[in-house]
2 protein chains.
Amino acid sequence: MARKSRRDSIIESAAELFAAKGFRATTVRDIAERAGILSGSLYAHIATKEDLYLEIVRRASHDFTQRLNPIVSSQSRPGDKLQWMIAAHLAVIEESRAWARVYLDDDSELSADTRREAQRLRRDYERLWDQVFSEGIEAGVFDVQDESVTRLFVLSALNGIIGWYRPDGRLSHEELAQTFFRLTLRVLGGNKGPDSQC
Amino acid sequence: MARKSRRDSIIESAAELFAAKGFRATTVRDIAERAGILSGSLYAHIATKEDLYLEIVRRASHDFTQRLNPIVSSQSRPGDKLQWMIAAHLAVIEESRAWARVYLDDDSELSADTRREAQRLRRDYERLWDQVFSEGIEAGVFDVQDESVTRLFVLSALNGIIGWYRPDGRLSHEELAQTFFRLTLRVLGGNKGPDSQC
DNA sequence: CCTACCGATCGGTAGG
DNA sequence: CCTACCGATCGGTAGG
């Protein structure tokens, strides 16, 4: 099993608090307390509170991206890729809820530099979705009129999940992924299969 | 023309700052400065900073709701209602960008009471959308398998607009409303008209 | 609406 | 990793 350094547990504590209360409303004293040390001791492991935020966003970004990369670069059909991507997205949210929340939320309370880096990382992740959308459109399996608005529509719905998904909800994450996939396929005009009622 | 009290201009200033920097990152000194007074003088017009936030959310909620109410209670077909609702939603966002942003964003940095009231107001607004969704489903013009997930999917996409919409963008808000309507109709399985390629 | 100020709390540091 | 503390800033108030 993975060794968990004190630094890791500080970052973990910060992730949970940032996710629950936001960046500004979380104090370094809150973070230290949850990690079991005093606030002054925090600075033996981190440089600033903003660095802590960036570290969380970087790790979450890595998680999401690593999960999607093999799917995107596989030889599957765009529709199948999409189905697995949605399942993967939901899996990360389920496994790393707090991290995902900090990552997916565009926090306007940070310094311009920090915010920019977080936005860049989110954009990299969104590009993976874009790629598959474009692939499907070019292959003619998705029927899209305005690619850019469609993309924003789908990604908003996708990112919105973090706001309402509860692991103990009515649907398992597999069922939710399936339903979400069906809806996304409709938006993309790709439901020409047995689901279509033509 | 409408008379604008000092109180109104304080609330307006707060709305713009909350929208741009978030609640915690905005100080009462920022708000006072933008309104052209000193921070101490603020409290002749407001009780607390949180009250200011609530006032903004209440006014925005009123704006959105007033715009949708006549559409929802009209005798139009569900599909037509939906089209007008989307146009109205976009119109409020265009006309009252800052207010809309404060209203639509679930800010985790507030006290539990304040947050609860804001959530209640947002839920009231979402209920108007729910109504029309249900209407269309019952009338058989929308083809929905999981009403609750479909609802969350569409509302996430809808609320996501505030995050990326720029009034000076490629599309006018009428064009955007039209495109958005088409996509929403797809999600709801209601595009059985000439748009369908069956 | 201003002057003058409050107690509390903030992120972060020095020295051990 | 703790003790002890810093300068800055916060939301809000008293008295005019």
# chains A, B, ... in the order shown; residues from 1 in each chain; ligands from 1

$ select_by_dssp --residues "stretch 45-163 of chain A" --states "helix (DSSP H, G or I)" --output "compact mmCIF listing (two decimals) with N, CA and C atoms, in the first residue's frame"
# COMPACT_ATOMS: atom_id res chain seq x y z
N LYS A 49 -0.41 29.04 1.20
CA LYS A 49 -1.74 28.44 1.10
C LYS A 49 -2.12 28.24 -0.37
N GLU A 50 -1.72 29.15 -1.21
CA GLU A 50 -2.03 29.02 -2.63
C GLU A 50 -1.29 27.85 -3.28
N ASP A 51 -0.06 27.61 -2.83
CA ASP A 51 0.68 26.45 -3.34
C ASP A 51 -0.06 25.16 -3.03
N LEU A 52 -0.67 25.16 -1.86
CA LEU A 52 -1.44 23.99 -1.43
C LEU A 52 -2.60 23.77 -2.40
N TYR A 53 -3.26 24.84 -2.74
CA TYR A 53 -4.36 24.77 -3.70
C TYR A 53 -3.87 24.24 -5.04
N LEU A 54 -2.76 24.79 -5.51
CA LEU A 54 -2.23 24.35 -6.80
C LEU A 54 -1.86 22.88 -6.80
N GLU A 55 -1.30 22.43 -5.71
CA GLU A 55 -0.92 21.03 -5.59
C GLU A 55 -2.15 20.13 -5.72
N ILE A 56 -3.23 20.54 -5.08
CA ILE A 56 -4.47 19.77 -5.16
C ILE A 56 -4.98 19.72 -6.60
N VAL A 57 -5.00 20.88 -7.23
CA VAL A 57 -5.50 20.95 -8.61
C VAL A 57 -4.61 20.12 -9.54
N ARG A 58 -3.30 20.17 -9.31
CA ARG A 58 -2.39 19.40 -10.16
C ARG A 58 -2.63 17.91 -10.01
N ARG A 59 -2.78 17.46 -8.78
CA ARG A 59 -3.00 16.02 -8.56
C ARG A 59 -4.33 15.56 -9.14
N ALA A 60 -5.36 16.37 -8.94
CA ALA A 60 -6.68 16.01 -9.48
C ALA A 60 -6.63 15.99 -11.00
N SER A 61 -5.99 16.99 -11.56
CA SER A 61 -5.86 17.07 -13.02
C SER A 61 -5.16 15.81 -13.55
N HIS A 62 -4.12 15.40 -12.85
CA HIS A 62 -3.38 14.20 -13.23
C HIS A 62 -4.28 12.97 -13.18
N ASP A 63 -5.05 12.87 -12.12
CA ASP A 63 -6.01 11.76 -11.97
C ASP A 63 -6.96 11.66 -13.15
N PHE A 64 -7.65 12.75 -13.39
CA PHE A 64 -8.65 12.78 -14.46
C PHE A 64 -8.00 12.48 -15.81
N THR A 65 -6.87 13.13 -16.06
CA THR A 65 -6.23 13.00 -17.36
C THR A 65 -5.70 11.59 -17.60
N GLN A 66 -5.07 11.02 -16.58
CA GLN A 66 -4.54 9.66 -16.71
C GLN A 66 -5.65 8.65 -17.00
N ARG A 67 -6.81 8.91 -16.42
CA ARG A 67 -7.92 8.00 -16.64
C ARG A 67 -8.47 8.10 -18.06
N LEU A 68 -8.42 9.30 -18.61
CA LEU A 68 -9.02 9.51 -19.93
C LEU A 68 -8.06 9.19 -21.07
N ASN A 69 -6.78 9.43 -20.86
CA ASN A 69 -5.80 9.30 -21.93
C ASN A 69 -5.86 7.98 -22.71
N PRO A 70 -5.81 6.83 -22.03
CA PRO A 70 -5.83 5.58 -22.78
C PRO A 70 -7.12 5.39 -23.56
N ILE A 71 -8.22 5.93 -23.05
CA ILE A 71 -9.49 5.79 -23.77
C ILE A 71 -9.46 6.62 -25.05
N VAL A 72 -9.01 7.86 -24.90
CA VAL A 72 -8.99 8.77 -26.05
C VAL A 72 -8.07 8.25 -27.16
N PRO A 78 -15.82 6.48 -31.74
CA PRO A 78 -16.08 7.67 -30.92
C PRO A 78 -17.18 7.45 -29.90
N GLY A 79 -18.25 6.80 -30.30
CA GLY A 79 -19.36 6.55 -29.39
C GLY A 79 -18.95 5.71 -28.19
N ASP A 80 -18.13 4.70 -28.45
CA ASP A 80 -17.65 3.84 -27.36
C ASP A 80 -16.69 4.59 -26.45
N LYS A 81 -15.81 5.36 -27.08
CA LYS A 81 -14.90 6.19 -26.28
C LYS A 81 -15.70 7.06 -25.31
N LEU A 82 -16.72 7.70 -25.86
CA LEU A 82 -17.53 8.61 -25.06
C LEU A 82 -18.14 7.89 -23.85
N GLN A 83 -18.63 6.69 -24.11
CA GLN A 83 -19.24 5.92 -23.02
C GLN A 83 -18.24 5.64 -21.91
N TRP A 84 -17.01 5.27 -22.28
CA TRP A 84 -16.00 4.97 -21.27
C TRP A 84 -15.48 6.23 -20.59
N MET A 85 -15.43 7.31 -21.36
CA MET A 85 -14.98 8.56 -20.78
C MET A 85 -15.93 9.05 -19.69
N ILE A 86 -17.20 8.93 -19.96
CA ILE A 86 -18.19 9.35 -18.97
C ILE A 86 -18.09 8.47 -17.72
N ALA A 87 -17.92 7.19 -17.92
CA ALA A 87 -17.76 6.28 -16.78
C ALA A 87 -16.50 6.63 -15.99
N ALA A 88 -15.42 6.96 -16.69
CA ALA A 88 -14.16 7.29 -16.03
C ALA A 88 -14.30 8.59 -15.24
N HIS A 89 -14.93 9.57 -15.84
CA HIS A 89 -15.16 10.87 -15.19
C HIS A 89 -15.92 10.66 -13.88
N LEU A 90 -16.97 9.88 -13.95
CA LEU A 90 -17.77 9.60 -12.76
C LEU A 90 -16.99 8.81 -11.73
N ALA A 91 -16.13 7.91 -12.20
CA ALA A 91 -15.34 7.10 -11.27
C ALA A 91 -14.38 7.98 -10.47
N VAL A 92 -13.75 8.93 -11.14
CA VAL A 92 -12.83 9.83 -10.43
C VAL A 92 -13.60 10.67 -9.42
N ILE A 93 -14.76 11.15 -9.83
CA ILE A 93 -15.58 11.94 -8.90
C ILE A 93 -15.96 11.11 -7.68
N GLU A 94 -16.29 9.85 -7.92
CA GLU A 94 -16.67 9.00 -6.80
C GLU A 94 -15.48 8.70 -5.88
N GLU A 95 -14.33 8.44 -6.49
CA GLU A 95 -13.15 8.05 -5.70
C GLU A 95 -12.45 9.24 -5.04
N ARG A 97 -13.75 12.65 -4.46
CA ARG A 97 -14.76 13.69 -4.47
C ARG A 97 -14.23 15.09 -4.16
N ALA A 98 -13.51 15.21 -3.04
CA ALA A 98 -13.04 16.53 -2.63
C ALA A 98 -12.07 17.12 -3.65
N TRP A 99 -11.12 16.31 -4.09
CA TRP A 99 -10.15 16.75 -5.09
C TRP A 99 -10.84 17.19 -6.36
N ALA A 100 -11.79 16.39 -6.79
CA ALA A 100 -12.50 16.70 -8.02
C ALA A 100 -13.26 18.01 -7.91
N ARG A 101 -13.83 18.24 -6.74
CA ARG A 101 -14.59 19.46 -6.54
C ARG A 101 -13.69 20.68 -6.62
N VAL A 102 -12.54 20.61 -5.96
CA VAL A 102 -11.60 21.73 -6.00
C VAL A 102 -11.13 21.97 -7.43
N TYR A 103 -10.86 20.87 -8.12
CA TYR A 103 -10.34 20.95 -9.49
C TYR A 103 -11.37 21.52 -10.47
N LEU A 104 -12.59 21.02 -10.41
CA LEU A 104 -13.59 21.38 -11.42
C LEU A 104 -14.21 22.75 -11.19
N ALA A 112 -4.41 35.93 -9.69
CA ALA A 112 -4.55 35.75 -11.13
C ALA A 112 -3.68 34.61 -11.65
N ASP A 113 -2.44 34.53 -11.17
CA ASP A 113 -1.52 33.49 -11.64
C ASP A 113 -2.02 32.10 -11.31
N THR A 114 -2.42 31.92 -10.07
CA THR A 114 -2.89 30.61 -9.63
C THR A 114 -4.14 30.20 -10.40
N ARG A 115 -5.02 31.14 -10.57
CA ARG A 115 -6.26 30.86 -11.27
C ARG A 115 -5.97 30.46 -12.71
N ARG A 116 -5.02 31.17 -13.31
CA ARG A 116 -4.68 30.89 -14.70
C ARG A 116 -4.15 29.46 -14.85
N GLU A 117 -3.27 29.06 -13.93
CA GLU A 117 -2.74 27.70 -14.05
C GLU A 117 -3.84 26.66 -13.89
N ALA A 118 -4.73 26.90 -12.92
CA ALA A 118 -5.85 25.96 -12.74
C ALA A 118 -6.71 25.90 -13.99
N GLN A 119 -6.96 27.03 -14.59
CA GLN A 119 -7.77 27.07 -15.81
C GLN A 119 -7.08 26.33 -16.96
N ARG A 120 -5.77 26.48 -17.02
CA ARG A 120 -5.01 25.80 -18.07
C ARG A 120 -5.14 24.28 -17.91
N LEU A 121 -5.02 23.81 -16.69
CA LEU A 121 -5.13 22.37 -16.46
C LEU A 121 -6.53 21.86 -16.78
N ARG A 122 -7.54 22.65 -16.43
CA ARG A 122 -8.89 22.23 -16.78
C ARG A 122 -9.08 22.21 -18.29
N ARG A 123 -8.49 23.19 -18.95
CA ARG A 123 -8.63 23.25 -20.41
C ARG A 123 -7.97 22.03 -21.06
N ASP A 124 -6.83 21.63 -20.53
CA ASP A 124 -6.17 20.43 -21.06
C ASP A 124 -7.10 19.22 -20.98
N TYR A 125 -7.78 19.11 -19.86
CA TYR A 125 -8.70 17.99 -19.68
C TYR A 125 -9.86 18.09 -20.67
N GLU A 126 -10.39 19.29 -20.82
CA GLU A 126 -11.52 19.48 -21.74
C GLU A 126 -11.13 19.17 -23.18
N ARG A 127 -9.86 19.41 -23.49
CA ARG A 127 -9.38 19.14 -24.85
C ARG A 127 -9.52 17.66 -25.20
N LEU A 128 -9.37 16.81 -24.20
CA LEU A 128 -9.53 15.38 -24.44
C LEU A 128 -10.96 15.07 -24.88
N TRP A 129 -11.92 15.75 -24.27
CA TRP A 129 -13.31 15.58 -24.67
C TRP A 129 -13.51 16.15 -26.08
N ASP A 130 -12.97 17.34 -26.29
CA ASP A 130 -13.06 17.96 -27.61
C ASP A 130 -12.60 17.01 -28.71
N GLN A 131 -11.46 16.39 -28.45
CA GLN A 131 -10.87 15.50 -29.44
C GLN A 131 -11.86 14.44 -29.90
N VAL A 132 -12.50 13.82 -28.92
CA VAL A 132 -13.43 12.75 -29.25
C VAL A 132 -14.69 13.29 -29.92
N PHE A 133 -15.13 14.47 -29.48
CA PHE A 133 -16.27 15.10 -30.16
C PHE A 133 -15.92 15.30 -31.64
N SER A 134 -14.77 15.92 -31.87
CA SER A 134 -14.36 16.22 -33.26
C SER A 134 -14.23 14.94 -34.08
N GLU A 135 -13.64 13.94 -33.45
CA GLU A 135 -13.48 12.64 -34.12
C GLU A 135 -14.81 12.10 -34.60
N GLY A 136 -15.80 12.15 -33.71
CA GLY A 136 -17.12 11.64 -34.05
C GLY A 136 -17.79 12.46 -35.13
N ILE A 137 -17.56 13.75 -35.07
CA ILE A 137 -18.16 14.64 -36.08
C ILE A 137 -17.55 14.35 -37.46
N GLU A 138 -16.22 14.26 -37.46
CA GLU A 138 -15.54 14.00 -38.74
C GLU A 138 -15.92 12.63 -39.31
N GLU A 147 -20.40 23.23 -33.24
CA GLU A 147 -19.52 22.40 -32.43
C GLU A 147 -19.16 23.07 -31.10
N SER A 148 -18.90 24.36 -31.15
CA SER A 148 -18.43 25.05 -29.96
C SER A 148 -19.51 25.16 -28.88
N VAL A 149 -20.73 25.48 -29.28
CA VAL A 149 -21.81 25.56 -28.30
C VAL A 149 -22.18 24.17 -27.78
N THR A 150 -22.16 23.20 -28.66
CA THR A 150 -22.46 21.83 -28.26
C THR A 150 -21.46 21.33 -27.22
N ARG A 151 -20.21 21.65 -27.48
CA ARG A 151 -19.12 21.30 -26.58
C ARG A 151 -19.34 21.92 -25.19
N LEU A 152 -19.68 23.21 -25.17
CA LEU A 152 -19.92 23.88 -23.90
C LEU A 152 -21.15 23.31 -23.21
N PHE A 153 -22.15 22.98 -23.95
CA PHE A 153 -23.37 22.38 -23.41
C PHE A 153 -23.03 21.08 -22.69
N VAL A 154 -22.32 20.22 -23.39
CA VAL A 154 -22.01 18.90 -22.83
C VAL A 154 -21.05 19.01 -21.64
N LEU A 155 -20.04 19.84 -21.77
CA LEU A 155 -19.07 19.95 -20.68
C LEU A 155 -19.69 20.59 -19.43
N SER A 156 -20.61 21.50 -19.62
CA SER A 156 -21.31 22.08 -18.47
C SER A 156 -22.11 21.01 -17.75
N ALA A 157 -22.82 20.20 -18.52
CA ALA A 157 -23.60 19.12 -17.93
C ALA A 157 -22.68 18.15 -17.19
N LEU A 158 -21.56 17.88 -17.80
CA LEU A 158 -20.59 16.95 -17.25
C LEU A 158 -19.96 17.48 -15.95
N ASN A 159 -19.55 18.74 -15.99
CA ASN A 159 -18.94 19.33 -14.81
C ASN A 159 -19.95 19.61 -13.72
N GLY A 160 -21.21 19.76 -14.14
CA GLY A 160 -22.26 19.99 -13.16
C GLY A 160 -22.47 18.80 -12.24
N ILE A 161 -22.08 17.62 -12.71
CA ILE A 161 -22.27 16.41 -11.92
C ILE A 161 -21.71 16.55 -10.51
N ILE A 162 -20.54 17.16 -10.43
CA ILE A 162 -19.88 17.30 -9.13
C ILE A 162 -20.76 18.06 -8.13
N GLY A 163 -21.66 18.87 -8.64
CA GLY A 163 -22.53 19.65 -7.77
C GLY A 163 -23.69 18.88 -7.18

$ interface_residues --of "chain D" --to "chain B" --cutoff "9 Å" --atoms "only C-alpha atoms (C1' of nucleotides)" --output "ChimeraX atom specification"
/D:10-13

$ closest_atom_pairs --of "chain A" --to "chain B" --cutoff "10 Å" --atoms "only C-alpha atoms" --output "tab-separated table"
residue	atom	partner	partner_atom	distance
A:Phe18	CA	B:Ser108	CA	9.4
A:Ala19	CA	B:Ser108	CA	8.5
A:Ala20	CA	B:Ser108	CA	6.8
A:Lys21	CA	B:Ser108	CA	5.2
A:Gly22	CA	B:Glu109	CA	5.9
A:Phe23	CA	B:Glu109	CA	8.5
A:Arg24	CA	B:Arg24	CA	6.2
A:Ala25	CA	B:Glu109	CA	5.7
A:Thr26	CA	B:Glu109	CA	8.8
A:Asp106	CA	B:Gly163	CA	9.0
A:Asp107	CA	B:Gly22	CA	8.2
A:Ser108	CA	B:Lys21	CA	5.2
A:Glu109	CA	B:Lys21	CA	5.4
A:Leu110	CA	B:Lys21	CA	8.3
A:Ser111	CA	B:Lys21	CA	9.9
A:Asp143	CA	B:Gln197	CA	9.9
A:Val144	CA	B:Leu183	CA	9.4
A:Gln145	CA	B:Thr179	CA	8.4
A:Asp146	CA	B:Thr179	CA	7.5
A:Val149	CA	B:Thr179	CA	7.6
A:Thr150	CA	B:Leu183	CA	7.3
A:Leu152	CA	B:Ala157	CA	7.8
A:Phe153	CA	B:Ala157	CA	5.1
A:Val154	CA	B:Ala157	CA	6.8
A:Leu155	CA	B:Ala157	CA	7.7
A:Ser156	CA	B:Ala157	CA	4.8
A:Ala157	CA	B:Ala157	CA	4.7
A:Leu158	CA	B:Phe153	CA	7.8
A:Asn159	CA	B:Ser156	CA	8.0
A:Gly160	CA	B:Ser156	CA	5.2
A:Ile161	CA	B:Ser156	CA	7.9
A:Gly163	CA	B:Ser156	CA	8.9
A:Trp164	CA	B:Leu152	CA	8.0
A:Tyr165	CA	B:Leu152	CA	9.8
A:Leu171	CA	B:Val149	CA	9.7
A:Leu176	CA	B:Val149	CA	8.0
A:Thr179	CA	B:Asp146	CA	7.5
A:Phe180	CA	B:Val149	CA	7.7
A:Arg182	CA	B:Val187	CA	8.8
A:Leu183	CA	B:Val187	CA	5.6
A:Thr184	CA	B:Val187	CA	7.5
A:Leu185	CA	B:Val187	CA	8.6
A:Arg186	CA	B:Val187	CA	5.6
A:Val187	CA	B:Arg186	CA	5.6
A:Leu188	CA	B:Leu183	CA	8.3
A:Gly189	CA	B:Arg186	CA	7.6
A:Lys192	CA	B:Cys198	CA	9.4
A:Ser196	CA	B:Cys198	CA	9.4
A:Gln197	CA	B:Cys198	CA	9.0
A:Cys198	CA	B:Cys198	CA	5.8

$ residues_around --residues "D:DG15" --least-positions-apart "4" --cutoff "12 Å" --atoms "only C-alpha atoms (C1' of nucleotides)" --output "list in words"
DC2, DT3, DA4 and DC5 of chain C

$ write_last_selection --atoms "all heavy atoms" --output "compact mmCIF listing (two decimals), in the first residue's frame"
# COMPACT_ATOMS: atom_id res chain seq x y z
P DC C 2 -18.32 59.65 3.31
OP1 DC C 2 -17.50 60.13 2.18
OP2 DC C 2 -18.54 58.21 3.50
O5' DC C 2 -17.71 60.26 4.65
C5' DC C 2 -17.67 61.68 4.82
C4' DC C 2 -17.00 62.02 6.15
O4' DC C 2 -17.88 61.66 7.23
C3' DC C 2 -15.69 61.28 6.39
O3' DC C 2 -14.72 62.20 6.85
C2' DC C 2 -16.04 60.23 7.44
C1' DC C 2 -17.19 60.89 8.20
N1 DC C 2 -18.14 59.89 8.76
C2 DC C 2 -18.36 59.86 10.14
O2 DC C 2 -17.77 60.66 10.87
N3 DC C 2 -19.24 58.95 10.64
C4 DC C 2 -19.87 58.11 9.82
N4 DC C 2 -20.73 57.23 10.35
C5 DC C 2 -19.65 58.12 8.42
C6 DC C 2 -18.78 59.03 7.92
P DT C 3 -13.19 61.81 6.95
OP1 DT C 3 -12.40 62.95 6.45
OP2 DT C 3 -13.04 60.46 6.36
O5' DT C 3 -12.96 61.68 8.52
C5' DT C 3 -13.46 62.70 9.38
C4' DT C 3 -13.21 62.31 10.83
O4' DT C 3 -14.24 61.36 11.26
C3' DT C 3 -11.87 61.62 11.10
O3' DT C 3 -11.32 62.18 12.28
C2' DT C 3 -12.23 60.14 11.24
C1' DT C 3 -13.63 60.22 11.83
N1 DT C 3 -14.54 59.07 11.52
C2 DT C 3 -15.31 58.54 12.53
O2 DT C 3 -15.28 58.94 13.68
N3 DT C 3 -16.13 57.51 12.14
C4 DT C 3 -16.25 56.97 10.86
O4 DT C 3 -17.03 56.06 10.64
C5 DT C 3 -15.41 57.58 9.85
C7 DT C 3 -15.46 57.07 8.46
C6 DT C 3 -14.59 58.60 10.23
P DA C 4 -9.78 61.87 12.69
OP1 DA C 4 -9.29 63.03 13.47
OP2 DA C 4 -9.09 61.39 11.48
O5' DA C 4 -9.95 60.65 13.69
C5' DA C 4 -10.95 60.71 14.73
C4' DA C 4 -11.12 59.33 15.33
O4' DA C 4 -12.06 58.55 14.54
C3' DA C 4 -9.82 58.50 15.39
O3' DA C 4 -9.55 58.22 16.75
C2' DA C 4 -10.11 57.28 14.54
C1' DA C 4 -11.64 57.20 14.59
N9 DA C 4 -12.25 56.46 13.49
C8 DA C 4 -11.89 56.50 12.16
N7 DA C 4 -12.62 55.71 11.39
C5 DA C 4 -13.52 55.12 12.27
C6 DA C 4 -14.55 54.19 12.08
N6 DA C 4 -14.87 53.66 10.89
N1 DA C 4 -15.26 53.81 13.17
C2 DA C 4 -14.93 54.34 14.36
N3 DA C 4 -13.97 55.22 14.66
C4 DA C 4 -13.30 55.57 13.56
P DC C 5 -8.20 57.43 17.21
OP1 DC C 5 -7.83 57.94 18.55
OP2 DC C 5 -7.24 57.41 16.10
O5' DC C 5 -8.78 55.96 17.40
C5' DC C 5 -10.06 55.84 18.05
C4' DC C 5 -10.68 54.50 17.75
O4' DC C 5 -11.07 54.38 16.37
C3' DC C 5 -9.76 53.29 17.96
O3' DC C 5 -9.99 52.78 19.25
C2' DC C 5 -10.20 52.30 16.88
C1' DC C 5 -11.35 53.01 16.18
N1 DC C 5 -11.45 52.70 14.73
C2 DC C 5 -12.52 51.93 14.27
O2 DC C 5 -13.35 51.51 15.09
N3 DC C 5 -12.62 51.63 12.95
C4 DC C 5 -11.70 52.10 12.10
N4 DC C 5 -11.85 51.80 10.81
C5 DC C 5 -10.61 52.90 12.54
C6 DC C 5 -10.52 53.17 13.84

$ atom_distance --atom1 "atom CA of B:Gly140" --atom2 "atom CA of B:Arg77"
11.3 Å

$ atom_distance --atom1 "atom CA of A:Arg166" --atom2 "atom CA of A:Ala15"
17.8 Å
